[in-house]
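S.K.: This is the structure, below, for whatever I ask next.
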Amino acid sequence: MTTLTILEFPDPRLRTVAEPVEVVDDEVRQQISDMFETMYAAPGIGLAATQVNIHRRIIVIDLSEEQNEPLVLINPEFEVLDNELHRYQEGCLSVPGFYEDVKRPQQIRVKSLDRDGNPFEFIADGLLAVCVQHEIDHLNGRLFVDHISSLKRDRIKQKLDKIHKAQAQHA
Ligand code: QAP
Ligand code: CO
């Protein structure tokens with residue numbers, strides 16, 4: 001198992017639109033294992049392949065306290081079931097240390113492939129609905145900071161630029 005490097009905003013590679021997975025093979029399953037290790041180590045509750053510079057449509061999620069409820073989504077799609085918007089204070093492993101309110105539809109139907117390549121679907125609401133939409137945004141090159149004001153986004157960018165410059169100095 002390997003811990004992967006997480007790209008951080010405003011890295012332009014986070015803007016890449018990921019390609020669908022054609023065949024769910026052992027290479028894909030290895031990437032999924034590495035993504036779980038990376039997410040659990042962080043720790044985080046959701047990670048899209050884009051964030052670790054793998055531009056394929058793969059997401060790992062685990063909302064449990066004990067890190068024992070792994071959910072894998074490959075080529076996921078969703079449909080909005082309840083147009084009512086729900087506000088949630090989101091964070092992101094690619095925007096460390098910053099949290100802002102984002103509004104999204106509160107109930108969705110998710111269609112996906114599992115880690116064996118078999119299709120499955122489920123209805124998500126609450127935190128899971130937030131997480132799935134946040135992660136699918138990543139696969140489309142979007143970040144939660146795209147849903148907030150440009151003023152707030154630019155402030156976050158400036159602060160992270162500063163941190164990244166200091167980190168480069170000490171490297
Ligand atoms: C996405 O986020 C998400 O700033 C997953 O310093 C966000 O795992 C889904 C994290 C909100 C649902 C609701 C963030 C860790 C983890 C940080 C994460 C940090 C360390 C974020
Ligand atoms: Co994120």
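Residue numbering restarts at 1 in every chain; chains get A, B, ... in the order shown in the structure tokens, and ligands count up from 1 in that same order.
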What residues have any atom no more than 12 Å from ligand 1 when counting only C-alpha atoms and all ligand atoms, and can you list them as a VMD selection string?

M.R.: chain A and resid 6 8 to 9 36 38 to 48 51 59 to 64 86 to 104 125 to 138 143 to 145 156 160

S.K.: Taking the backbone alone, and naming residues the way the document does, which bits of stretch 33-171 of chain A are alpha helix (DSSP H) by DSSP, as JSON, numbers by chain?

M.R.: {"A": [33, 34, 35, 36, 37, 38, 39, 40, 41, 126, 127, 128, 129, 130, 131, 132, 133, 134, 135, 136, 137, 138, 139, 150, 151, 152, 153, 154, 155, 156, 157, 158, 159, 160, 161, 162, 163, 164, 165, 166, 167, 168, 169, 170]}

S.K.: Which residues are close to A:Glu19, i.e. within 7 Å by only C-alpha atoms, leaving aside same-chain residues fewer than 3 positions away? Reply as a list of chain:residue names.

M.R.: A:His55, A:Arg56, A:Arg57

S.K.: Go ahead and save the picked residues with N, CA and C atoms, as a PDB file, in the first residue's frame.

M.R.:
ATOM      1  N   HIS A  55      -6.420  10.800 -13.211  1.00  0.00           N
ATOM      2  CA  HIS A  55      -7.549  11.471 -13.862  1.00  0.00           C
ATOM      3  C   HIS A  55      -8.538  10.474 -14.466  1.00  0.00           C
ATOM      4  N   ARG A  56      -9.044   9.617 -13.543  1.00  0.00           N
ATOM      5  CA  ARG A  56     -10.056   8.614 -13.861  1.00  0.00           C
ATOM      6  C   ARG A  56     -11.215   8.810 -12.888  1.00  0.00           C
ATOM      7  N   ARG A  57     -12.426   8.347 -13.297  1.00  0.00           N
ATOM      8  CA  ARG A  57     -13.626   8.650 -12.516  1.00  0.00           C
ATOM      9  C   ARG A  57     -13.799   7.638 -11.377  1.00  0.00           C
TER      10      ARG A  57
END

S.K.: If you run DSSP on this backbone, which residues of stretch 17-127 of chain A come out as strand (DSSP E or B), and could you give them as a PyMOL selection string?

M.R.: chain A and resi 19+46-48+56+58-61+71-90+100-113+119-125

S.K.: Compare A:Arg29, A:Glu69, A:Asn140, A:Glu22 by their minimum atom-to-atom distance to ligand 2, counting only C-alpha atoms and all ligand atoms, and give me the closest one.

M.R.: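 Closest to ligand 2 of all the choices is A:Asn140.
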
S.K.: Name the closest residue to ligand 2 among the candidates A:Lys111, A:Arg142, A:Lys159, A:Arg13; distances are taken between atoms, counting only C-alpha atoms and all ligand atoms.

M.R.: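 Closest to ligand 2 of all the choices is A:Arg142.
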
S.K.: Env of A:Gln107: 6 Å cut, atoms = only C-alpha atoms, seq-sep filter 3 positions within chain, self excluded. Answer as a PyMOL selection string.

M.R.: chain A and resi 81-82+124-125

S.K.: Would you please work out which residue, of A:Pro105, A:Pro10, A:Gly117, A:Pro70, is nearest to A:Asp26 when using only C-alpha atoms?

M.R.: A:Gly117

S.K.: As a ChimeraX atom specification, please: the residues near stretch 112-114 of chain A (cut-off 7 Å, only C-alpha atoms, same-chain neighbours under 3 positions excluded).

M.R.: /A:72-77,117-121

S.K.: Keeping only N, CA and C atoms, write those residues as a compact mmCIF listing (two decimals), in the first residue's frame.

M.R.:
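What follows is the written file result-v5.txt:
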# COMPACT_ATOMS: atom_id res chain seq x y z
N VAL A 72 -16.98 2.62 -2.54
CA VAL A 72 -16.23 2.90 -3.78
C VAL A 72 -17.23 3.27 -4.87
N LEU A 73 -16.98 4.37 -5.56
CA LEU A 73 -17.81 4.77 -6.70
C LEU A 73 -16.92 4.89 -7.93
N ILE A 74 -17.29 4.16 -8.99
CA ILE A 74 -16.56 4.21 -10.26
C ILE A 74 -17.55 4.66 -11.33
N ASN A 75 -17.16 5.65 -12.12
CA ASN A 75 -18.04 6.27 -13.14
C ASN A 75 -19.40 6.67 -12.54
N PRO A 76 -19.41 7.34 -11.39
CA PRO A 76 -20.70 7.66 -10.75
C PRO A 76 -21.46 8.75 -11.50
N GLU A 77 -22.78 8.65 -11.42
CA GLU A 77 -23.67 9.70 -11.95
C GLU A 77 -24.74 9.92 -10.91
N GLY A 117 -16.79 -3.87 -10.72
CA GLY A 117 -17.30 -3.44 -12.02
C GLY A 117 -18.79 -3.68 -12.19
N ASN A 118 -19.48 -4.07 -11.11
CA ASN A 118 -20.92 -4.30 -11.19
C ASN A 118 -21.70 -3.03 -10.90
N PRO A 119 -22.75 -2.74 -11.69
CA PRO A 119 -23.55 -1.55 -11.44
C PRO A 119 -24.38 -1.69 -10.16
N PHE A 120 -24.52 -0.57 -9.45
CA PHE A 120 -25.43 -0.53 -8.29
C PHE A 120 -25.94 0.88 -8.17
N GLU A 121 -27.02 1.06 -7.43
CA GLU A 121 -27.53 2.40 -7.20
C GLU A 121 -28.10 2.54 -5.80

S.K.: What does the distance between atom CA of A:Glu37 and atom CA of A:Thr50 come to in Å, to one decimal place?

M.R.: 15.5 Å

S.K.: Counting only C-alpha atoms and all ligand atoms, which residue out of A:Ile148, A:Leu14, A:Leu85, A:Asp34 sits closest to ligand 2?

M.R.: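 Ranking A:Ile148, A:Leu14, A:Leu85, A:Asp34 by distance to ligand 2, first place goes to A:Leu14.
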
S.K.: If I take atom CA of A:Ile32 and atom CA of A:Asp146, how far is one from the other in Å, to one decimal?

M.R.: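 We find that atom CA of A:Ile32 and atom CA of A:Asp146 lie 26.3 Å from each other.
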